[in-house]
Amino acid sequence: VRMTDVNLHSWRIGLVGAILCPLAGLAVAEVLNMLLPLTAVQRGQMFLFAALPPAVFCFMVAESYKQEPERVAAIVLLGNFAALAFVPLGLWLGM
């Protein structure tokens, strides 16, 4: 509910975080895929988890400790919108 009051004044950092977080996760998943002997199900789960957006939990922690919650909220909100592209990509890579 608190995130509905957030403005997107920090949209640039939000966009960077929304793109960088899943791309970094997918890159790490690809490296782990080459190093670890995973089953098809495990590989799919790893890529799906790697493609997920930044969590709302990050915003809750930032809000509690007064550590730039507006910037974190922008990352979380834009990250959830970006998940519309990154989650299917993660599923495709995991198959």
# chains A, B, ... in the order shown; residues from 1 in each chain; ligands from 1
>>> residues_around(residues="His9 (chain A)", least_positions_apart="3", cutoff="10 Å", atoms="only C-alpha atoms", output="short mmCIF file (atom, residue, chain, number, x, y, z; two decimals) with all heavy atoms, in the first residue's frame")
data_model
loop_
_atom_site.label_atom_id
_atom_site.label_comp_id
_atom_site.auth_asym_id
_atom_site.auth_seq_id
_atom_site.Cartn_x
_atom_site.Cartn_y
_atom_site.Cartn_z
N VAL A 6 4.28 6.44 -3.92
CA VAL A 6 5.63 6.76 -4.39
C VAL A 6 5.56 7.41 -5.77
O VAL A 6 4.85 6.96 -6.65
CB VAL A 6 6.47 5.48 -4.45
CG1 VAL A 6 7.81 5.74 -5.10
CG2 VAL A 6 6.65 4.92 -3.07
N ARG A 12 15.28 7.23 -13.51
CA ARG A 12 16.50 6.79 -14.22
C ARG A 12 17.18 5.65 -13.49
O ARG A 12 17.53 4.64 -14.09
CB ARG A 12 17.45 7.97 -14.39
CG ARG A 12 17.00 8.94 -15.45
CD ARG A 12 18.04 10.05 -15.66
NE ARG A 12 17.53 11.05 -16.57
CZ ARG A 12 16.92 12.17 -16.22
NH1 ARG A 12 16.76 12.45 -14.95
NH2 ARG A 12 16.48 13.01 -17.12
N ILE A 13 17.37 5.81 -12.19
CA ILE A 13 17.99 4.73 -11.40
C ILE A 13 17.06 3.52 -11.36
O ILE A 13 17.52 2.38 -11.35
CB ILE A 13 18.38 5.21 -9.98
CG1 ILE A 13 19.23 4.15 -9.25
CG2 ILE A 13 17.17 5.52 -9.14
CD1 ILE A 13 20.62 4.03 -9.75
N GLY A 14 15.77 3.76 -11.37
CA GLY A 14 14.81 2.66 -11.41
C GLY A 14 14.91 1.86 -12.69
O GLY A 14 14.87 0.63 -12.67
N GLU A 70 12.62 6.19 -1.93
CA GLU A 70 12.06 6.61 -3.21
C GLU A 70 12.82 5.97 -4.37
O GLU A 70 12.23 5.52 -5.35
CB GLU A 70 12.10 8.15 -3.36
CG GLU A 70 11.25 8.89 -2.35
CD GLU A 70 11.93 9.07 -1.00
OE1 GLU A 70 13.17 8.94 -0.93
OE2 GLU A 70 11.22 9.31 -0.01
N ARG A 71 14.14 5.93 -4.26
CA ARG A 71 14.94 5.31 -5.31
C ARG A 71 14.70 3.81 -5.37
O ARG A 71 14.57 3.23 -6.45
CB ARG A 71 16.43 5.57 -5.09
CG ARG A 71 16.82 6.98 -5.39
CD ARG A 71 18.30 7.15 -5.31
NE ARG A 71 18.66 8.50 -5.67
CZ ARG A 71 19.87 8.88 -5.99
NH1 ARG A 71 20.85 8.01 -5.94
NH2 ARG A 71 20.11 10.12 -6.32
N ALA A 74 11.38 3.09 -6.96
CA ALA A 74 11.43 3.23 -8.42
C ALA A 74 12.03 1.98 -9.05
O ALA A 74 11.55 1.49 -10.07
CB ALA A 74 12.23 4.46 -8.81
#
>>> atom_distance(atom1="CA of Pro69 (chain A)", atom2="CA of Val87 (chain A)")
24.8 Å
>>> closest_residue(among="A:Cys58, A:Val72, A:Leu26, A:Leu78", to="Trp92 (chain A)", atoms="only C-alpha atoms")
A:Leu26
>>> residues_around(residues="Phe59 (chain A)", least_positions_apart="2", cutoff="8 Å", atoms="only C-alpha atoms", output="list in words")
Ala55, Val56, Phe57, Val61, Ala62, Glu63, Pro69, Val72, Ala73 and Val76 of chain A
>>> residues_around(residues="Gly44 (chain A)", least_positions_apart="6", cutoff="10 Å", atoms="only C-alpha atoms", output="ChimeraX atom specification")
/A:38,50,90-95
>>> write_last_selection(atoms="N, CA and C atoms", output="short mmCIF file (atom, residue, chain, number, x, y, z; two decimals), in the first residue's frame")
data_model
loop_
_atom_site.label_atom_id
_atom_site.label_comp_id
_atom_site.auth_asym_id
_atom_site.auth_seq_id
_atom_site.Cartn_x
_atom_site.Cartn_y
_atom_site.Cartn_z
N LEU A 38 23.30 -29.77 -13.60
CA LEU A 38 21.91 -29.59 -13.19
C LEU A 38 20.98 -30.41 -14.07
N ALA A 50 16.54 -16.33 -11.63
CA ALA A 50 17.51 -15.30 -12.02
C ALA A 50 16.84 -14.14 -12.75
N GLY A 90 13.84 -15.63 -19.21
CA GLY A 90 14.39 -16.62 -18.30
C GLY A 90 13.78 -17.99 -18.50
N LEU A 91 12.47 -18.04 -18.76
CA LEU A 91 11.84 -19.32 -19.04
C LEU A 91 12.37 -19.93 -20.33
N TRP A 92 12.54 -19.09 -21.34
CA TRP A 92 13.06 -19.57 -22.62
C TRP A 92 14.48 -20.10 -22.46
N LEU A 93 15.32 -19.38 -21.73
CA LEU A 93 16.70 -19.82 -21.52
C LEU A 93 16.76 -21.10 -20.69
N GLY A 94 15.83 -21.26 -19.77
CA GLY A 94 15.81 -22.44 -18.92
C GLY A 94 15.30 -23.70 -19.59
N MET A 95 14.66 -23.53 -20.73
CA MET A 95 14.11 -24.71 -21.43
C MET A 95 15.16 -25.26 -22.30
#
>>> residues_around(residues="Ala51 (chain A)", least_positions_apart="2", cutoff="7 Å", atoms="only C-alpha atoms", output="ChimeraX atom specification")
/A:22,25-26,47-49,53,86-87,90
>>> write_last_selection(atoms="N, CA, C and O atoms", output="compact mmCIF listing (two decimals), in the first residue's frame")
# COMPACT_ATOMS: atom_id res chain seq x y z
N PRO A 22 17.94 -8.18 -13.55
CA PRO A 22 17.70 -9.47 -14.20
C PRO A 22 18.81 -9.87 -15.18
O PRO A 22 19.12 -11.05 -15.30
N GLY A 25 21.50 -11.36 -13.09
CA GLY A 25 21.04 -12.66 -12.62
C GLY A 25 21.11 -13.72 -13.70
O GLY A 25 21.56 -14.85 -13.47
N LEU A 26 20.70 -13.36 -14.92
CA LEU A 26 20.75 -14.31 -16.03
C LEU A 26 22.19 -14.64 -16.42
O LEU A 26 22.50 -15.77 -16.79
N PHE A 47 17.07 -20.42 -13.95
CA PHE A 47 16.92 -19.30 -14.89
C PHE A 47 15.67 -18.47 -14.58
O PHE A 47 15.69 -17.25 -14.71
N LEU A 48 14.60 -19.12 -14.16
CA LEU A 48 13.40 -18.37 -13.79
C LEU A 48 13.68 -17.47 -12.59
O LEU A 48 13.34 -16.29 -12.59
N PHE A 49 14.31 -18.01 -11.56
CA PHE A 49 14.64 -17.23 -10.37
C PHE A 49 15.59 -16.08 -10.73
O PHE A 49 15.46 -14.97 -10.21
N PRO A 53 12.28 -9.87 -10.92
CA PRO A 53 12.60 -8.46 -10.67
C PRO A 53 13.08 -8.23 -9.24
O PRO A 53 12.94 -9.11 -8.38
N PHE A 86 11.58 -9.97 -19.00
CA PHE A 86 12.67 -10.80 -18.50
C PHE A 86 12.24 -12.18 -18.01
O PHE A 86 13.00 -13.14 -18.15
N VAL A 87 11.07 -12.31 -17.45
CA VAL A 87 10.62 -13.63 -16.99
C VAL A 87 10.41 -14.58 -18.19
O VAL A 87 10.90 -15.72 -18.14
N GLY A 90 13.84 -15.63 -19.21
CA GLY A 90 14.39 -16.62 -18.30
C GLY A 90 13.78 -17.99 -18.50
O GLY A 90 14.48 -19.01 -18.46
